[in-house]
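Shown next, in structure tokens, is the structure this report addresses.
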Amino acid sequence: MGAKKRIIIIGAGASGLMAAYSAVCEGASVTVIESNPSAGRKINATGNGRCNFTNADADSLSHYYTSDKSLVGGVLSRFPVKNVLSLFESIGIEPHLEDEGKYFPLSGQASSVSELLYRHLCKLGVEFIFNTNVTSVKPTQKGVNITAGDNVISCDGVIIAGGGMAAPETGSNGFCYKLAEQLGHNITPTYPVIVQLKTKGGFYKSISGLRVKANVTLECDKKQIRQEYGDLLFFDYGISGPPVFHISVEAADHIAKSKHVSCVIDLLPQMDQKKLFDKLLMRRSLFDGGAEDLFAGLLHKKLTRLVLDAAKVPLSTQIKTLTDAQLLAIANAIKHNTVEIIGTKGWENAQATKGGVALDGVDPKTLASKADKRVAFCGEILDVVGDCGGYNLTWAWSSGFVAGKEMANNL
């Protein structure tokens with residue numbers, strides 16, 4: 001029986017840990033090199049510290065944005081959601097299903113996911129080297145040489161799983177793109193996504209932190225791109241919340257290309273504009289006082305100025321003097337409150353990266369480099385991004401599983 005093939009994995013994030021698991025299960029000797037002092041630092045930051053590790057609908061390609069959906073579909077089919085749940089349960093992570101198909105650990109702690117994965121991998125014999133940066137990956141006639149810190153380490157194959165650019169404080173600072181470029185791979189433009197959006201002029205400080213249920217529609221050059229419903233948060237810089245995180249996946253590249261990007265906010269999705277106008281007509285006859293009193297019991301009081309400014313109705317206007325045209329403008333300002341998007345809150349606030357290592361340079365079955373099968377990629381470094389809600393971690397688990405398994409079997 002020949003010696004075990006040695007595989008080095010760069011990055012101890014979600015995809016790297018899963019690649020280590022599948023490779024060691026196939027009989028390889030596995031070493032994981034990580035720049036942080038511990039494994040799974042980015043995992044620990046996901047889901048507001050609770051780790052939304054997959055989604056009941058994560059096998060559906062409609063949730064992924066990439067240049068090659070057939071590659072993504074093939075990878076997901078080989079390690080689907082049911083396999084993620086089964087593996088996690090087998091190592092002690094109890095899945096808990098919540099709204100919108102989101103799975104969290106029952107413990108409510110993201111750290112339990114990274115800790116149990118790390119503990120299980122150590123039990124299987126995976127070696128970890130922490131606090132070490134990899135600066136080069138060089139294939140040779142005999143194998144692959146990796147410069148890690150001050151040392152050159154030889155191995156039979158390497159899997160690059162060091163993440164993208166999002167949340168650089170967790171170690172995802174784009175260093176793996178440089179490694180991929182050294183190997184001749186193209187990097188498609190990268191953008192921060194699942195991130196807050198900045199609006200022109202910002203918002204009034206008086207409503208900063210306000211949360212409302214709303215429909216948010218992304219428009220680019222006046223064309224409707226995507227609509228999402230949920231808790232919308234207002235801040236002095238712009239907007240946030242789940243619907244914003246969802247639409248940011250498609251907004252970011254449009255913003256970077258300097259297109260006219262806007263969000264149309266429906267502050268009262270519970271009723272159509274005609275019904276709302278009729279309500280306002282009734283309120284005009286029912287209420288006295290200034291225009292701000294028109295919304296009592298209908299809208300959050302803090303939204304009054306935002307709506308009246310959008311409708312170009314002075315705050316001092318008396319309710320009884322409001323014309324039908326002004327009421328129509330107010331109804332429109334509630335149902336179609338349009339804000340111009342001028343940017344995102346950047347990499348430090350983003351949860352994922354759009355763009356990355358071009359998929360035409362990797363084998364769709366193995367995720368290995370077409371230039372040299374001894375080097376493979378998985379996770380966020382590849383040009384694949386998913387919606388907010390556990391989809392990006394699902395891609396990390398699935399792509400890591402495939403890269404590790406194939407590398408161990410094909411060296």
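Going by the structure tokens order, chains are called A, B, ..., each with residues numbered from 1, while ligands are numbered from 1 in the order shown.
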Where does DSSP see alpha helix (DSSP H) in region 74-223 of chain A, if you list the residues as number ranges by chain? A: 74-78, 81-90, 110-124, 175-182
Pick out the residues sitting within 10 Å of Ser399 (chain A), and hand them over as a PyMOL selection string; count only C-alpha atoms, and ignore anything fewer than 2 positions along from it in its own chain. chain A and resi 14-16+18-19+72+74-76+78-79+161+366-367+377-380+382+393-397+401-405
For the selection just defined, write its residues with N, CA and C atoms to a file, as a JSON list (two decimals), in the first residue's frame.
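Output file selection.json is given in full below:
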[["chain", "number", "residue", "atom", "x", "y", "z"],
["A", 14, "ALA", "N", -15.38, 27.87, 6.36],
["A", 14, "ALA", "CA", -16.36, 26.80, 6.12],
["A", 14, "ALA", "C", -15.93, 25.86, 5.02],
["A", 15, "SER", "N", -15.54, 26.38, 3.86],
["A", 15, "SER", "CA", -15.19, 25.50, 2.75],
["A", 15, "SER", "C", -13.90, 24.74, 3.02],
["A", 16, "GLY", "N", -12.95, 25.38, 3.69],
["A", 16, "GLY", "CA", -11.70, 24.71, 4.02],
["A", 16, "GLY", "C", -11.88, 23.57, 4.99],
["A", 18, "MET", "N", -14.63, 21.85, 5.42],
["A", 18, "MET", "CA", -15.34, 20.76, 4.74],
["A", 18, "MET", "C", -14.42, 20.02, 3.77],
["A", 19, "ALA", "N", -13.54, 20.77, 3.10],
["A", 19, "ALA", "CA", -12.57, 20.12, 2.21],
["A", 19, "ALA", "C", -11.67, 19.19, 3.01],
["A", 72, "VAL", "N", -22.39, 25.01, -10.71],
["A", 72, "VAL", "CA", -22.90, 25.15, -9.35],
["A", 72, "VAL", "C", -23.92, 24.06, -9.04],
["A", 74, "GLY", "N", -24.16, 21.11, -10.37],
["A", 74, "GLY", "CA", -23.49, 19.82, -10.24],
["A", 74, "GLY", "C", -22.83, 19.65, -8.87],
["A", 75, "VAL", "N", -22.22, 20.71, -8.38],
["A", 75, "VAL", "CA", -21.58, 20.67, -7.07],
["A", 75, "VAL", "C", -22.62, 20.50, -5.96],
["A", 76, "LEU", "N", -23.67, 21.31, -6.00],
["A", 76, "LEU", "CA", -24.70, 21.23, -4.96],
["A", 76, "LEU", "C", -25.37, 19.86, -4.92],
["A", 78, "ARG", "N", -24.11, 17.05, -5.37],
["A", 78, "ARG", "CA", -23.24, 16.01, -4.80],
["A", 78, "ARG", "C", -23.14, 16.12, -3.28],
["A", 79, "PHE", "N", -23.52, 17.26, -2.74],
["A", 79, "PHE", "CA", -23.56, 17.41, -1.28],
["A", 79, "PHE", "C", -24.71, 18.36, -0.95],
["A", 161, "ALA", "N", -8.81, 27.75, -0.19],
["A", 161, "ALA", "CA", -10.15, 27.95, 0.38],
["A", 161, "ALA", "C", -10.16, 29.16, 1.32],
["A", 366, "THR", "N", -14.35, 18.48, -10.57],
["A", 366, "THR", "CA", -13.41, 18.36, -9.45],
["A", 366, "THR", "C", -13.09, 19.68, -8.76],
["A", 367, "LEU", "N", -13.40, 20.80, -9.42],
["A", 367, "LEU", "CA", -13.04, 22.15, -8.97],
["A", 367, "LEU", "C", -11.52, 22.36, -8.95],
["A", 377, "PHE", "N", -9.91, 24.81, -5.98],
["A", 377, "PHE", "CA", -10.50, 25.96, -5.29],
["A", 377, "PHE", "C", -11.87, 25.57, -4.74],
["A", 378, "CYS", "N", -12.28, 26.23, -3.67],
["A", 378, "CYS", "CA", -13.64, 26.02, -3.17],
["A", 378, "CYS", "C", -14.07, 27.22, -2.34],
["A", 379, "GLY", "N", -15.39, 27.36, -2.21],
["A", 379, "GLY", "CA", -15.93, 28.41, -1.38],
["A", 379, "GLY", "C", -16.01, 29.77, -2.03],
["A", 380, "GLU", "N", -15.90, 30.80, -1.23],
["A", 380, "GLU", "CA", -16.14, 32.18, -1.65],
["A", 380, "GLU", "C", -15.13, 32.69, -2.66],
["A", 382, "LEU", "N", -14.31, 31.42, -5.38],
["A", 382, "LEU", "CA", -14.83, 31.19, -6.73],
["A", 382, "LEU", "C", -15.91, 32.21, -7.09],
["A", 393, "LEU", "N", -23.11, 29.75, 2.82],
["A", 393, "LEU", "CA", -22.49, 28.68, 3.59],
["A", 393, "LEU", "C", -22.78, 27.32, 2.97],
["A", 394, "THR", "N", -23.95, 27.15, 2.39],
["A", 394, "THR", "CA", -24.25, 25.89, 1.70],
["A", 394, "THR", "C", -23.27, 25.68, 0.55],
["A", 395, "TRP", "N", -23.03, 26.74, -0.23],
["A", 395, "TRP", "CA", -22.03, 26.63, -1.31],
["A", 395, "TRP", "C", -20.66, 26.28, -0.75],
["A", 396, "ALA", "N", -20.31, 26.87, 0.38],
["A", 396, "ALA", "CA", -19.02, 26.56, 1.00],
["A", 396, "ALA", "C", -18.92, 25.09, 1.39],
["A", 397, "TRP", "N", -19.96, 24.57, 2.05],
["A", 397, "TRP", "CA", -19.93, 23.15, 2.45],
["A", 397, "TRP", "C", -19.86, 22.24, 1.22],
["A", 401, "PHE", "N", -16.65, 20.03, 0.07],
["A", 401, "PHE", "CA", -16.78, 18.57, 0.05],
["A", 401, "PHE", "C", -16.29, 18.01, -1.28],
["A", 402, "VAL", "N", -16.73, 18.60, -2.37],
["A", 402, "VAL", "CA", -16.35, 18.11, -3.70],
["A", 402, "VAL", "C", -14.85, 18.29, -3.94],
["A", 403, "ALA", "N", -14.31, 19.45, -3.61],
["A", 403, "ALA", "CA", -12.88, 19.71, -3.85],
["A", 403, "ALA", "C", -12.01, 18.74, -3.06],
["A", 404, "GLY", "N", -12.34, 18.52, -1.79],
["A", 404, "GLY", "CA", -11.54, 17.63, -0.96],
["A", 404, "GLY", "C", -11.62, 16.19, -1.43],
["A", 405, "LYS", "N", -12.82, 15.72, -1.71],
["A", 405, "LYS", "CA", -13.02, 14.33, -2.15],
["A", 405, "LYS", "C", -12.30, 14.06, -3.46]]
Can you tell me, as a compact mmCIF listing (two decimals) with C-alpha atoms, in the first residue's frame, what residues are no more than 10 Å from Asn48 (chain A) when counting only C-alpha atoms, ignoring any on the same chain fewer than 5 positions away?
# COMPACT_ATOMS: atom_id res chain seq x y z
CA GLY A 108 -28.04 29.53 19.03
CA GLN A 109 -24.25 29.93 18.95
CA ALA A 110 -22.20 30.07 15.76
DSSP on the backbone, then: every residue of region 57-183 of chain A marked strand (DSSP E), written as number ranges by chain. A: 64-66, 95-97, 102-105, 127-129, 134-139, 144-148, 151-155, 157-160
Store the residues of this selection in a file with N, CA, C and O atoms, as a compact mmCIF listing (two decimals), in the first residue's frame.
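Generated output (part.txt):
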# COMPACT_ATOMS: atom_id res chain seq x y z
N TYR A 64 -28.55 31.48 -6.60
CA TYR A 64 -27.12 31.66 -6.82
C TYR A 64 -26.85 32.52 -8.06
O TYR A 64 -27.58 32.43 -9.05
N TYR A 65 -25.77 33.31 -7.99
CA TYR A 65 -25.41 34.23 -9.07
C TYR A 65 -23.99 33.91 -9.50
O TYR A 65 -23.05 33.95 -8.71
N THR A 66 -23.85 33.53 -10.78
CA THR A 66 -22.58 33.02 -11.26
C THR A 66 -22.61 32.99 -12.78
O THR A 66 -23.67 33.12 -13.40
N PRO A 95 -29.58 20.71 14.17
CA PRO A 95 -30.17 21.73 13.31
C PRO A 95 -31.53 22.20 13.83
O PRO A 95 -32.33 21.40 14.30
N HIS A 96 -31.77 23.51 13.72
CA HIS A 96 -33.04 24.08 14.15
C HIS A 96 -33.59 24.93 13.02
O HIS A 96 -32.97 25.91 12.60
N LEU A 97 -34.77 24.54 12.49
CA LEU A 97 -35.38 25.23 11.36
C LEU A 97 -36.17 26.44 11.83
O LEU A 97 -37.03 26.34 12.71
N LYS A 102 -34.51 28.87 7.10
CA LYS A 102 -33.15 29.01 7.63
C LYS A 102 -32.87 28.00 8.72
O LYS A 102 -33.67 27.83 9.64
N TYR A 103 -31.72 27.34 8.62
CA TYR A 103 -31.27 26.41 9.66
C TYR A 103 -30.17 27.05 10.50
O TYR A 103 -29.19 27.60 9.96
N PHE A 104 -30.34 26.97 11.82
CA PHE A 104 -29.34 27.42 12.78
C PHE A 104 -29.03 26.26 13.71
O PHE A 104 -29.82 25.32 13.85
N PRO A 105 -27.89 26.31 14.41
CA PRO A 105 -27.67 25.31 15.45
C PRO A 105 -28.65 25.58 16.59
O PRO A 105 -28.92 26.74 16.93
N GLU A 127 -4.28 17.92 10.63
CA GLU A 127 -3.32 18.80 11.31
C GLU A 127 -3.67 20.26 11.00
O GLU A 127 -4.04 20.59 9.87
N PHE A 128 -3.55 21.14 11.98
CA PHE A 128 -3.81 22.56 11.79
C PHE A 128 -2.56 23.37 12.11
O PHE A 128 -1.89 23.11 13.11
N ILE A 129 -2.27 24.34 11.24
CA ILE A 129 -1.19 25.29 11.48
C ILE A 129 -1.83 26.68 11.50
O ILE A 129 -2.33 27.16 10.48
N VAL A 134 0.11 32.23 3.92
CA VAL A 134 0.66 31.60 2.71
C VAL A 134 0.88 32.68 1.68
O VAL A 134 -0.01 33.47 1.37
N THR A 135 2.10 32.74 1.13
CA THR A 135 2.42 33.80 0.17
C THR A 135 2.66 33.29 -1.25
O THR A 135 2.65 34.07 -2.19
N SER A 136 2.83 31.98 -1.42
CA SER A 136 2.98 31.46 -2.78
C SER A 136 2.63 29.98 -2.85
O SER A 136 2.78 29.25 -1.87
N VAL A 137 2.15 29.59 -4.02
CA VAL A 137 1.84 28.19 -4.33
C VAL A 137 2.49 27.89 -5.67
O VAL A 137 2.13 28.48 -6.68
N LYS A 138 3.47 26.96 -5.66
CA LYS A 138 4.23 26.68 -6.89
C LYS A 138 4.24 25.19 -7.20
O LYS A 138 4.90 24.41 -6.51
N PRO A 139 3.51 24.78 -8.24
CA PRO A 139 3.58 23.38 -8.67
C PRO A 139 4.98 23.06 -9.20
O PRO A 139 5.62 23.90 -9.86
N VAL A 144 3.67 20.09 -5.15
CA VAL A 144 3.40 21.51 -5.01
C VAL A 144 4.15 22.03 -3.80
O VAL A 144 4.10 21.42 -2.72
N ASN A 145 4.87 23.15 -3.98
CA ASN A 145 5.57 23.79 -2.87
C ASN A 145 4.78 25.01 -2.41
O ASN A 145 4.37 25.85 -3.23
N ILE A 146 4.58 25.11 -1.12
CA ILE A 146 3.83 26.22 -0.55
C ILE A 146 4.72 26.99 0.40
O ILE A 146 5.35 26.40 1.29
N THR A 147 4.80 28.30 0.20
CA THR A 147 5.53 29.14 1.13
C THR A 147 4.56 29.62 2.20
O THR A 147 3.61 30.36 1.92
N ALA A 148 4.79 29.15 3.42
CA ALA A 148 3.91 29.48 4.54
C ALA A 148 4.75 30.06 5.65
O ALA A 148 5.55 29.35 6.27
N ASN A 151 8.57 29.15 6.03
CA ASN A 151 8.84 27.77 5.62
C ASN A 151 8.30 27.46 4.24
O ASN A 151 7.30 28.04 3.81
N VAL A 152 8.95 26.54 3.57
CA VAL A 152 8.45 25.99 2.31
C VAL A 152 8.01 24.56 2.60
O VAL A 152 8.79 23.73 3.06
N ILE A 153 6.74 24.30 2.34
CA ILE A 153 6.16 22.99 2.64
C ILE A 153 5.81 22.29 1.32
O ILE A 153 5.20 22.89 0.44
N SER A 154 6.21 21.05 1.20
CA SER A 154 5.91 20.27 0.00
C SER A 154 4.69 19.38 0.24
O SER A 154 4.50 18.85 1.34
N CYS A 155 3.87 19.24 -0.79
CA CYS A 155 2.70 18.38 -0.68
C CYS A 155 2.34 17.84 -2.06
O CYS A 155 2.95 18.22 -3.08
N GLY A 157 -0.90 17.94 -3.24
CA GLY A 157 -1.95 18.78 -3.80
C GLY A 157 -2.37 19.86 -2.81
O GLY A 157 -2.17 19.72 -1.60
N VAL A 158 -2.94 20.95 -3.33
CA VAL A 158 -3.36 22.05 -2.47
C VAL A 158 -4.76 22.50 -2.86
O VAL A 158 -5.12 22.53 -4.03
N ILE A 159 -5.56 22.82 -1.85
CA ILE A 159 -6.90 23.37 -2.08
C ILE A 159 -6.92 24.78 -1.50
O ILE A 159 -6.68 24.97 -0.30
N ILE A 160 -7.19 25.75 -2.35
CA ILE A 160 -7.22 27.15 -1.92
C ILE A 160 -8.65 27.49 -1.50
O ILE A 160 -9.55 27.52 -2.32
Between CA of Lys365 (chain A) and CA of Val385 (chain A), what is the distance in Å, rounded to a tenth? 18.5 Å
With only C-alpha atoms as the atoms that count, which of A:Asp221, A:Glu228, A:Asp59, A:Glu100 lies nearest to Val84 (chain A)?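 Among the listed residues, A:Asp59 lies closest to Val84 (chain A).
Distance check against Asn332 (chain A) using only C-alpha atoms: of A:Phe287, A:Trp347, A:Phe295, A:Phe277, the minimum falls on A:Phe277.
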So that I can see what lies close to Gly11 (chain A), please list as a PyMOL selection string the residues with an atom at most 8 Å from it, counting only C-alpha atoms and leaving out residues fewer than 4 positions away in the same chain. chain A and resi 16-17+32-35+160-163
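Proximity to Asn349 (chain A) at 7 Å, evaluated using only C-alpha atoms and with sequence-adjacent residues fewer than 3 positions away removed, yields A:Ala167, A:Val195, A:Lys345, A:Gly346.
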Emit the selected residues as a PDB file, in the first residue's frame, including N, CA and C atoms.
ATOM      1  N   ALA A 167     -15.712  41.037   4.956  1.00  0.00           N
ATOM      2  CA  ALA A 167     -15.325  40.949   6.367  1.00  0.00           C
ATOM      3  C   ALA A 167     -13.825  40.697   6.517  1.00  0.00           C
ATOM      4  N   VAL A 195     -24.994  43.448   2.050  1.00  0.00           N
ATOM      5  CA  VAL A 195     -24.410  44.625   2.704  1.00  0.00           C
ATOM      6  C   VAL A 195     -25.425  45.771   2.693  1.00  0.00           C
ATOM      7  N   LYS A 345     -21.938  49.869   1.994  1.00  0.00           N
ATOM      8  CA  LYS A 345     -21.144  50.140   3.200  1.00  0.00           C
ATOM      9  C   LYS A 345     -19.785  49.440   3.174  1.00  0.00           C
ATOM     10  N   GLY A 346     -19.431  48.862   2.019  1.00  0.00           N
ATOM     11  CA  GLY A 346     -18.071  48.378   1.821  1.00  0.00           C
ATOM     12  C   GLY A 346     -17.775  46.988   2.350  1.00  0.00           C
TER      13      GLY A 346
END
Please provide as a short mmCIF file (atom, residue, chain, number, x, y, z; two decimals) with C-alpha atoms, in the first residue's frame all residues within 12 Å of Asp99 (chain A), with the sequence filter that same-chain residues fewer than 5 positions apart are discarded (counting only C-alpha atoms).
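Ended up saving to result-v8.cif:
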data_model
loop_
_atom_site.label_atom_id
_atom_site.label_comp_id
_atom_site.auth_asym_id
_atom_site.auth_seq_id
_atom_site.Cartn_x
_atom_site.Cartn_y
_atom_site.Cartn_z
CA ASN A 52 -27.43 30.37 9.57
CA ASN A 55 -31.41 26.73 4.05
CA ALA A 56 -34.18 24.26 3.22
CA ASP A 57 -34.23 25.68 -0.33
CA PHE A 104 -29.34 27.42 12.78
CA GLY A 230 -39.21 42.32 5.15
CA GLY A 389 -30.19 33.22 4.22
CA GLY A 390 -27.68 30.35 4.46
#
Hey, what's within 10 Å of Val357 (chain A) if we count only C-alpha atoms and toss same-chain stuff fewer than 4 positions away? As a list in words, please?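 Surrounding residues, per the criterion: Gly164, Cys176, Tyr177, Ala180, Glu181, His185, Asn186, Ile187, Thr188, Pro189, Thr190, Gly361, Val362, Phe377, Cys378, Glu380, Ile381, Leu382, Asp383 and Val384 of chain A.
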Residues of region 191-227 of chain A that approach region 298-321 of chain A to 9 Å or less, counting only C-alpha atoms: could you list each one with the shortest pair of atoms and its distance in Å to one decimal, rows by chain and increasing residue number, as JSON lines?
{"residue": "A:Phe203", "atom": "CA", "partner": "A:Leu306", "partner_atom": "CA", "distance": 8.3}
{"residue": "A:Tyr204", "atom": "CA", "partner": "A:Leu306", "partner_atom": "CA", "distance": 7.9}
{"residue": "A:Ser206", "atom": "CA", "partner": "A:Lys302", "partner_atom": "CA", "distance": 7.1}
{"residue": "A:Ile207", "atom": "CA", "partner": "A:Lys302", "partner_atom": "CA", "distance": 5.9}
{"residue": "A:Leu210", "atom": "CA", "partner": "A:Lys302", "partner_atom": "CA", "distance": 8.0}
{"residue": "A:Val212", "atom": "CA", "partner": "A:His300", "partner_atom": "CA", "distance": 8.2}
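Of note, CA of Arg374 (chain A) and CA of Asp156 (chain A) are spaced 6.9 Å apart.
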Measuring between only C-alpha atoms, which one of A:Gly297, A:Gly171, A:Gly92, A:Gly238 shows the shortest distance to Thr199 (chain A)? A:Gly238
Restricting to only C-alpha atoms, whichever of A:Ile239, A:Ile91, A:Leu183, A:Leu267 is closest to Thr140 (chain A) is A:Leu183
